[in-house]
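Novice: CSV, C-alpha atoms, file coords-v3.csv:
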chain,number,residue,atom,x,y,z
A,1,MET,CA,0.0,0.0,0.0
A,2,LYS,CA,1.2,3.5,-0.8
A,3,SER,CA,1.8,5.7,2.2
A,4,THR,CA,2.4,9.4,2.7
A,5,ILE,CA,4.7,8.7,5.7
A,6,PRO,CA,8.1,10.1,4.9
A,7,ASP,CA,11.2,7.9,5.0
A,8,LEU,CA,12.9,7.4,8.3
A,9,GLY,CA,14.7,10.5,9.5
A,10,VAL,CA,13.1,12.9,7.1
A,11,PRO,CA,11.4,15.6,9.2
A,12,ILE,CA,8.4,17.6,8.3
A,13,THR,CA,9.6,21.2,7.9
A,14,PRO,CA,7.2,24.1,7.8
A,15,SER,CA,7.9,27.0,5.4
A,16,ALA,CA,10.2,29.6,7.0
A,17,ALA,CA,8.2,32.4,5.3
A,18,ASP,CA,5.1,31.7,7.4
A,19,SER,CA,4.5,33.2,10.8
A,20,SER,CA,5.1,31.0,13.8
A,21,ASP,CA,1.4,30.5,14.4
A,22,ARG,CA,0.8,29.5,10.8
A,23,GLN,CA,3.8,27.3,10.9
A,24,GLU,CA,2.5,25.5,13.9
A,25,ALA,CA,-1.0,25.1,12.4
A,26,SER,CA,0.5,23.8,9.1
A,27,LEU,CA,2.8,21.4,10.9
A,28,HIS,CA,-0.1,20.1,13.0
A,29,GLY,CA,-2.3,19.7,9.9
A,30,GLU,CA,0.5,17.8,8.0
A,31,ILE,CA,1.2,15.5,10.9
A,32,LEU,CA,-2.5,14.8,11.3
A,33,LEU,CA,-3.0,14.1,7.6
A,34,ARG,CA,0.0,11.7,7.3
A,35,LEU,CA,-0.8,9.9,10.6
A,36,ARG,CA,-4.4,9.4,9.5
A,37,ASP,CA,-3.3,8.0,6.1
A,38,TYR,CA,-0.8,5.7,7.9
A,39,VAL,CA,-3.6,4.2,10.1
A,40,VAL,CA,-6.2,4.1,7.4
A,41,GLU,CA,-4.0,2.3,4.9
A,42,GLY,CA,-3.5,-0.6,7.3
A,43,ASN,CA,0.1,-0.1,8.3
A,44,ILE,CA,-0.9,-1.0,11.9
A,45,PRO,CA,-3.1,-4.1,12.4
A,46,ASP,CA,-6.6,-3.8,13.9
A,47,GLY,CA,-6.2,-3.6,17.7
A,48,GLY,CA,-2.5,-2.9,17.3
A,49,ARG,CA,-0.6,-0.4,19.5
A,50,ILE,CA,0.4,2.9,18.0
A,51,PRO,CA,4.3,2.9,17.8
A,52,GLU,CA,4.8,6.4,19.1
A,53,ARG,CA,8.6,6.4,19.2
A,54,GLN,CA,8.8,5.0,15.6
A,55,LEU,CA,6.3,7.5,14.3
A,56,CYS,CA,8.2,10.4,16.0
A,57,GLU,CA,11.4,9.3,14.2
A,58,MET,CA,9.5,9.1,10.9
A,59,PHE,CA,8.1,12.6,11.3
A,60,GLY,CA,11.2,14.1,12.9
A,61,ILE,CA,9.1,15.5,15.8
A,62,SER,CA,8.6,15.2,19.5
A,63,ARG,CA,5.8,13.2,21.2
A,64,THR,CA,3.8,16.3,22.0
A,65,PRO,CA,2.6,17.1,18.5
A,66,LEU,CA,2.1,13.4,17.7
A,67,ARG,CA,-0.1,13.0,20.8
A,68,GLU,CA,-2.1,16.0,19.8
A,69,ALA,CA,-2.8,14.4,16.4
A,70,LEU,CA,-3.7,11.1,18.1
A,71,LYS,CA,-6.3,12.9,20.1
A,72,VAL,CA,-7.9,14.0,16.9
A,73,LEU,CA,-7.9,10.5,15.5
A,74,ALA,CA,-9.4,9.3,18.7
A,75,ALA,CA,-12.2,11.8,18.3
A,76,GLU,CA,-12.8,10.6,14.8
A,77,GLY,CA,-13.1,7.0,16.0
A,78,LEU,CA,-10.0,5.6,14.2
A,79,ILE,CA,-8.0,4.9,17.3
A,80,GLU,CA,-8.6,4.4,21.1
A,81,LEU,CA,-6.6,6.2,23.7
A,82,LEU,CA,-5.5,4.0,26.6
A,83,PRO,CA,-5.1,5.6,30.0
A,84,ASN,CA,-1.3,5.8,30.7
A,85,ARG,CA,-0.8,3.1,28.0
A,86,GLY,CA,-0.6,5.0,24.8
A,87,ALA,CA,-3.1,4.3,22.0
A,88,ARG,CA,-4.2,1.5,19.7
A,89,VAL,CA,-6.1,1.1,16.4
A,90,ARG,CA,-9.8,0.7,17.0
A,91,GLN,CA,-10.9,-2.8,16.2
A,92,LEU,CA,-14.4,-3.3,14.8
A,93,SER,CA,-16.4,-6.5,14.9
A,94,GLN,CA,-18.6,-7.7,12.1
A,95,ARG,CA,-21.6,-6.5,13.9
A,96,ASP,CA,-20.0,-3.1,14.4
A,97,LEU,CA,-19.4,-2.9,10.6
A,98,GLU,CA,-22.9,-3.9,9.7
A,99,GLU,CA,-24.4,-1.3,12.0
A,100,LEU,CA,-22.0,1.5,11.0
A,101,PHE,CA,-22.3,0.9,7.2
A,102,ASP,CA,-26.1,0.8,7.5
A,103,VAL,CA,-26.1,4.2,9.2
A,104,MET,CA,-23.7,5.6,6.6
A,105,ALA,CA,-25.9,4.2,3.9
A,106,GLY,CA,-28.9,6.0,5.3
A,107,LEU,CA,-27.0,9.2,5.7
A,108,GLU,CA,-25.6,9.2,2.2
A,109,SER,CA,-28.9,8.2,0.7
A,110,LEU,CA,-30.6,11.2,2.4
A,111,ALA,CA,-27.7,13.4,1.3
A,112,GLY,CA,-28.1,12.3,-2.3
A,113,ARG,CA,-31.8,13.1,-2.3
A,114,LEU,CA,-31.3,16.6,-0.7
A,115,ALA,CA,-28.3,17.4,-2.9
A,116,CYS,CA,-30.4,16.9,-6.0
A,117,GLU,CA,-32.7,19.6,-4.7
A,118,ALA,CA,-30.0,22.2,-3.9
A,119,ILE,CA,-26.8,21.4,-5.9
A,120,THR,CA,-25.6,24.1,-8.3
A,121,ASP,CA,-24.2,23.5,-11.8
A,122,GLU,CA,-20.8,24.6,-10.6
A,123,GLU,CA,-20.8,22.0,-7.9
A,124,ILE,CA,-21.8,19.3,-10.4
A,125,ILE,CA,-18.9,20.3,-12.6
A,126,ALA,CA,-16.5,20.2,-9.7
A,127,ILE,CA,-17.7,16.7,-8.8
A,128,GLU,CA,-17.4,15.6,-12.4
A,129,GLN,CA,-13.8,16.8,-12.4
A,130,LEU,CA,-13.1,14.8,-9.2
A,131,HIS,CA,-14.7,11.8,-10.8
A,132,TYR,CA,-12.4,11.9,-13.9
A,133,GLU,CA,-9.4,12.5,-11.6
A,134,MET,CA,-10.5,9.4,-9.6
A,135,TYR,CA,-10.9,7.4,-12.8
A,136,GLY,CA,-7.3,8.2,-13.8
A,137,GLN,CA,-6.1,7.1,-10.4
A,138,TYR,CA,-8.1,3.9,-10.8
A,139,LEU,CA,-6.4,3.2,-14.2
A,140,HIS,CA,-3.0,3.8,-12.7
A,141,ARG,CA,-3.8,1.6,-9.7
A,142,ASP,CA,-3.1,4.6,-7.4
A,143,MET,CA,-5.1,3.4,-4.4
A,144,HIS,CA,-4.0,6.2,-2.1
A,145,GLY,CA,-5.0,8.9,-4.5
A,146,TYR,CA,-8.1,7.1,-5.6
A,147,PHE,CA,-9.3,6.8,-2.0
A,148,GLN,CA,-8.7,10.4,-1.2
A,149,THR,CA,-10.6,11.6,-4.2
A,150,ASN,CA,-13.4,9.1,-3.6
A,151,GLN,CA,-13.9,10.5,-0.1
A,152,HIS,CA,-13.9,14.1,-1.5
A,153,ILE,CA,-16.7,13.1,-3.9
A,154,HIS,CA,-18.9,11.7,-1.1
A,155,GLU,CA,-18.1,14.7,1.1
A,156,SER,CA,-19.0,17.1,-1.8
A,157,ILE,CA,-22.4,15.4,-2.2
A,158,VAL,CA,-23.1,15.7,1.5
A,159,ALA,CA,-22.1,19.3,1.5
A,160,ALA,CA,-24.4,20.0,-1.5
A,161,ALA,CA,-27.3,18.7,0.7
A,162,ARG,CA,-27.2,22.1,2.6
A,163,ASN,CA,-28.0,20.4,5.9
A,164,GLU,CA,-25.5,21.1,8.7
A,165,THR,CA,-27.0,18.4,11.0
A,166,LEU,CA,-26.6,15.8,8.4
A,167,LYS,CA,-23.1,17.0,7.6
A,168,ALA,CA,-22.1,16.7,11.3
A,169,ALA,CA,-23.5,13.3,11.7
A,170,TYR,CA,-21.8,12.1,8.5
A,171,ALA,CA,-18.4,13.4,9.6
A,172,ASN,CA,-18.8,11.6,13.0
A,173,PHE,CA,-19.5,8.2,11.4
A,174,ALA,CA,-17.2,8.6,8.4
A,175,GLY,CA,-14.1,8.7,10.6
A,176,ARG,CA,-15.1,5.5,12.3
A,177,ILE,CA,-15.2,3.4,9.1
A,178,ARG,CA,-12.6,5.3,7.0
A,179,ARG,CA,-10.0,2.6,7.6
A,180,VAL,CA,-12.2,-0.4,6.7
A,181,ARG,CA,-13.7,1.5,3.8
A,182,TYR,CA,-10.2,1.8,2.4
A,183,SER,CA,-9.4,-1.9,3.0
A,184,ALA,CA,-12.7,-3.1,1.5
A,185,ASN,CA,-11.2,-2.3,-2.0
A,186,PHE,CA,-8.8,-5.2,-1.5
A,187,ALA,CA,-11.5,-7.9,-0.8
A,188,ARG,CA,-10.5,-10.9,-2.9
A,189,LYS,CA,-13.9,-12.5,-3.4
A,190,ARG,CA,-14.9,-9.8,-5.9
A,191,GLN,CA,-13.4,-7.1,-8.1
A,192,ARG,CA,-14.6,-4.5,-5.6
A,193,TRP,CA,-12.5,-1.7,-7.0
A,194,ALA,CA,-13.9,-2.1,-10.6
A,195,GLU,CA,-17.4,-2.6,-9.1
A,196,ALA,CA,-17.1,0.7,-7.1
A,197,MET,CA,-16.0,2.6,-10.3
A,198,ARG,CA,-19.1,1.4,-12.1
A,199,GLU,CA,-21.3,2.5,-9.2
A,200,HIS,CA,-19.6,5.9,-9.2
A,201,GLU,CA,-20.5,6.3,-12.9
A,202,ALA,CA,-24.1,5.7,-12.0
A,203,ILE,CA,-23.9,8.2,-9.1
A,204,LEU,CA,-22.5,10.9,-11.4
A,205,ASP,CA,-25.2,10.2,-14.0
A,206,ALA,CA,-28.1,10.5,-11.5
A,207,LEU,CA,-26.5,13.6,-10.0
A,208,ARG,CA,-26.2,15.3,-13.4
A,209,ARG,CA,-29.9,14.6,-14.0
A,210,ARG,CA,-30.8,15.7,-10.4
A,211,ALA,CA,-32.7,12.4,-10.1
A,212,GLY,CA,-33.0,12.5,-6.3
A,213,SER,CA,-34.9,9.3,-5.7
A,214,GLU,CA,-32.6,7.4,-8.0
A,215,LEU,CA,-29.4,8.8,-6.6
A,216,SER,CA,-30.7,8.0,-3.1
A,217,ASP,CA,-31.2,4.3,-4.0
A,218,ILE,CA,-27.8,4.1,-5.8
A,219,LEU,CA,-25.9,5.6,-2.8
A,220,PHE,CA,-27.7,3.3,-0.4
A,221,GLN,CA,-26.8,0.2,-2.4
A,222,HIS,CA,-23.2,1.6,-3.0
A,223,LEU,CA,-22.7,1.6,0.8
A,224,ARG,CA,-24.4,-1.8,1.2
A,225,ASN,CA,-21.9,-3.3,-1.4
A,226,LYS,CA,-19.1,-1.6,0.4
A,227,ARG,CA,-20.3,-3.2,3.7
A,228,THR,CA,-20.3,-6.7,2.1
A,229,ALA,CA,-16.8,-6.2,0.7
A,230,ALA,CA,-15.6,-4.9,4.1
A,231,ILE,CA,-16.9,-7.9,5.9
A,232,GLU,CA,-15.4,-10.3,3.3
A,233,HIS,CA,-12.1,-8.6,3.8
A,234,LEU,CA,-12.4,-8.8,7.6
A,235,THR,CA,-12.9,-12.6,7.4
A,236,GLU,CA,-10.3,-13.3,4.8
A,237,PRO,CA,-7.3,-13.7,7.2
A,238,GLN,CA,-9.2,-16.4,9.2
A,239,GLU,CA,-10.2,-18.2,6.0
A,240,ASP,CA,-6.7,-18.0,4.5
A,241,ALA,CA,-4.9,-18.9,7.7
A,242,PRO,CA,-3.4,-22.4,7.9
A,243,ALA,CA,-5.0,-25.0,10.1
A,244,ALA,CA,-3.7,-25.2,13.6
A,245,PRO,CA,-1.4,-28.2,14.2
So that I can check it, write out the structure of this file as structure tokens.

Specialist:
Amino acid sequence: MKSTIPDLGVPITPSAADSSDRQEASLHGEILLRLRDYVVEGNIPDGGRIPERQLCEMFGISRTPLREALKVLAAEGLIELLPNRGARVRQLSQRDLEELFDVMAGLESLAGRLACEAITDEEIIAIEQLHYEMYGQYLHRDMHGYFQTNQHIHESIVAAARNETLKAAYANFAGRIRRVRYSANFARKRQRWAEAMREHEAILDALRRRAGSELSDILFQHLRNKRTAAIEHLTEPQEDAPAAP
């Protein structure tokens, strides 16, 4: 998997032209982005402890900014903070996944319906551009770029719904399944990545026509299919593991 974590010993250096406050904010944002990517892309196993010392060396930073970023990821639901024992990646059960994906399916379904009532031509054009960018990433097998652009598309549809309560609820649940949503693309029982691209073609087509009911159904099924792939991926290690002696 492609990661945005820099090579060992390469520090993150903010621009000297910025003010100290802006440097600090920029540094915090970059640490948070790279740490989130590192966790989402499966570099630490489910339930695994966060290797703080190793990550500090990778980033070239002290533990204080790293721990600030960990607090954000804990609020997003990606990791769990352990009292006086560091942090670990949150591990979700099959039941957790079923419930979370069903809630997300409902939220995205509603977002699609509302977006078709309020979205502007300019917003549709922007989502089209993201779609074509994502398609290029798919063709080049750039999973990291594809996933980032994919998330931006879904977030853009939610934003177009013009409903702040929905937007806040979506952000809350999206963080909790971001990691497994990424890994679901690797489910071996189906060509999930190609399947997802076809679904996104249908999403874009319905959005262009502002077909709210149709888009609502497509998005709901899109998340249901993602849920199935996520659960398949979750169970694959057990299925592939050799029998105990």

Novice: List the neighbours of A:Thr64 out to 12 Å using only C-alpha atoms; skip same-chain residues closer than 4 positions along the sequence, and give me the result as a PDB file with C-alpha atoms, in the coordinates of the input.

Specialist:
ATOM      1  CA  HIS A  28      -0.100  20.100  13.000  1.00  0.00           C
ATOM      2  CA  ILE A  31       1.200  15.500  10.900  1.00  0.00           C
ATOM      3  CA  GLU A  52       4.800   6.400  19.100  1.00  0.00           C
ATOM      4  CA  ARG A  53       8.600   6.400  19.200  1.00  0.00           C
ATOM      5  CA  LEU A  55       6.300   7.500  14.300  1.00  0.00           C
ATOM      6  CA  CYS A  56       8.200  10.400  16.000  1.00  0.00           C
ATOM      7  CA  GLY A  60      11.200  14.100  12.900  1.00  0.00           C
ATOM      8  CA  GLU A  68      -2.100  16.000  19.800  1.00  0.00           C
ATOM      9  CA  ALA A  69      -2.800  14.400  16.400  1.00  0.00           C
ATOM     10  CA  LEU A  70      -3.700  11.100  18.100  1.00  0.00           C
ATOM     11  CA  LYS A  71      -6.300  12.900  20.100  1.00  0.00           C
TER      12      LYS A  71
END

Novice: Set the distance at 10 Å and use only C-alpha atoms: which residues neighbour A:Ala184 once local chain neighbours fewer than 4 positions away are removed? I'd like the list as a VMD selection string.

Specialist: chain A and resid 179 to 180 188 192 to 193 225 to 234

Novice: Neighbours of A:His200 within 12 Å (only C-alpha atoms; same-chain residues fewer than 6 positions away dropped), as a list in words?

Specialist: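 Near A:His200, the qualifying residues are Ile127, Glu128, Leu130, His131, Tyr132, Met134, Tyr135, Tyr138, Thr149, Asn150, Gln151, Ile153, His154, Trp193, Ala194, Ala206, Leu207, Leu215, Ile218, Leu219, Gln221, His222 and Leu223 of chain A.
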
Novice: So the first atom is atom CA of A:Ala126 and the second is atom CA of A:Arg208; what is the distance between them in Å, to one decimal place?

Specialist: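 So the answer is 11.5 Å.
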
Novice: Provide the atom CA of A:Asn172 to atom CA of A:Ala75 distance in Å, to one decimal place.

Specialist: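 Those two atoms sit 8.5 Å apart.
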
Novice: Which residues of stretch 173-200 of chain A sit at most 12 Å from stretch 105-117 of chain A, using only C-alpha atoms? Give each one's shortest atom pair and distance in Å (one decimal place), in chain and ascending residue order, as a tab-separated table.

Specialist:
residue	atom	partner	partner_atom	distance
A:Phe173	CA	A:Leu107	CA	9.5
A:Ala174	CA	A:Leu107	CA	10.2
A:Ile177	CA	A:Ala105	CA	11.9

Novice: Quick one: residues within 12 Å of A:Val40, all atoms listed in the file counted, chain neighbours fewer than 6 positions away excluded, as a PyMOL selection string?

Specialist: chain A and resi 1-5+32-34+46+73+76-79+89-90+143-144+147-148+174-184

Novice: Keeping only C-alpha atoms, take the residues you just selected and write them out as a PDB file, in the coordinates of the input.

Specialist:
ATOM      1  CA  MET A   1       0.000   0.000   0.000  1.00  0.00           C
ATOM      2  CA  LYS A   2       1.200   3.500  -0.800  1.00  0.00           C
ATOM      3  CA  SER A   3       1.800   5.700   2.200  1.00  0.00           C
ATOM      4  CA  THR A   4       2.400   9.400   2.700  1.00  0.00           C
ATOM      5  CA  ILE A   5       4.700   8.700   5.700  1.00  0.00           C
ATOM      6  CA  LEU A  32      -2.500  14.800  11.300  1.00  0.00           C
ATOM      7  CA  LEU A  33      -3.000  14.100   7.600  1.00  0.00           C
ATOM      8  CA  ARG A  34       0.000  11.700   7.300  1.00  0.00           C
ATOM      9  CA  ASP A  46      -6.600  -3.800  13.900  1.00  0.00           C
ATOM     10  CA  LEU A  73      -7.900  10.500  15.500  1.00  0.00           C
ATOM     11  CA  GLU A  76     -12.800  10.600  14.800  1.00  0.00           C
ATOM     12  CA  GLY A  77     -13.100   7.000  16.000  1.00  0.00           C
ATOM     13  CA  LEU A  78     -10.000   5.600  14.200  1.00  0.00           C
ATOM     14  CA  ILE A  79      -8.000   4.900  17.300  1.00  0.00           C
ATOM     15  CA  VAL A  89      -6.100   1.100  16.400  1.00  0.00           C
ATOM     16  CA  ARG A  90      -9.800   0.700  17.000  1.00  0.00           C
ATOM     17  CA  MET A 143      -5.100   3.400  -4.400  1.00  0.00           C
ATOM     18  CA  HIS A 144      -4.000   6.200  -2.100  1.00  0.00           C
ATOM     19  CA  PHE A 147      -9.300   6.800  -2.000  1.00  0.00           C
ATOM     20  CA  GLN A 148      -8.700  10.400  -1.200  1.00  0.00           C
ATOM     21  CA  ALA A 174     -17.200   8.600   8.400  1.00  0.00           C
ATOM     22  CA  GLY A 175     -14.100   8.700  10.600  1.00  0.00           C
ATOM     23  CA  ARG A 176     -15.100   5.500  12.300  1.00  0.00           C
ATOM     24  CA  ILE A 177     -15.200   3.400   9.100  1.00  0.00           C
ATOM     25  CA  ARG A 178     -12.600   5.300   7.000  1.00  0.00           C
ATOM     26  CA  ARG A 179     -10.000   2.600   7.600  1.00  0.00           C
ATOM     27  CA  VAL A 180     -12.200  -0.400   6.700  1.00  0.00           C
ATOM     28  CA  ARG A 181     -13.700   1.500   3.800  1.00  0.00           C
ATOM     29  CA  TYR A 182     -10.200   1.800   2.400  1.00  0.00           C
ATOM     30  CA  SER A 183      -9.400  -1.900   3.000  1.00  0.00           C
ATOM     31  CA  ALA A 184     -12.700  -3.100   1.500  1.00  0.00           C
TER      32      ALA A 184
END

Novice: So how many Å separate atom CA of A:Met104 and atom CA of A:Tyr170, to one decimal?

Specialist: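 We find that atom CA of A:Met104 and atom CA of A:Tyr170 lie 7.0 Å from each other.
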
Novice: Using only C-alpha atoms for the distances, tell me which of A:Thr235, A:Tyr146, A:Ala118, A:Asn43 is nearest to A:Ala211.

Specialist: A:Ala118

Novice: Pick the closest to A:Ala160 from A:Arg198, A:Arg210, A:Arg85, A:Arg95: which is it, counting only C-alpha atoms?

Specialist: A:Arg210

Novice: Might you pull out every residue within 10 Å of A:Gly86, with all atoms listed in the file counted and same-chain residues fewer than 6 positions away left off, and present them as an NGL selection string?

Specialist: :A and (49-52 or 67 or 70 or 80)
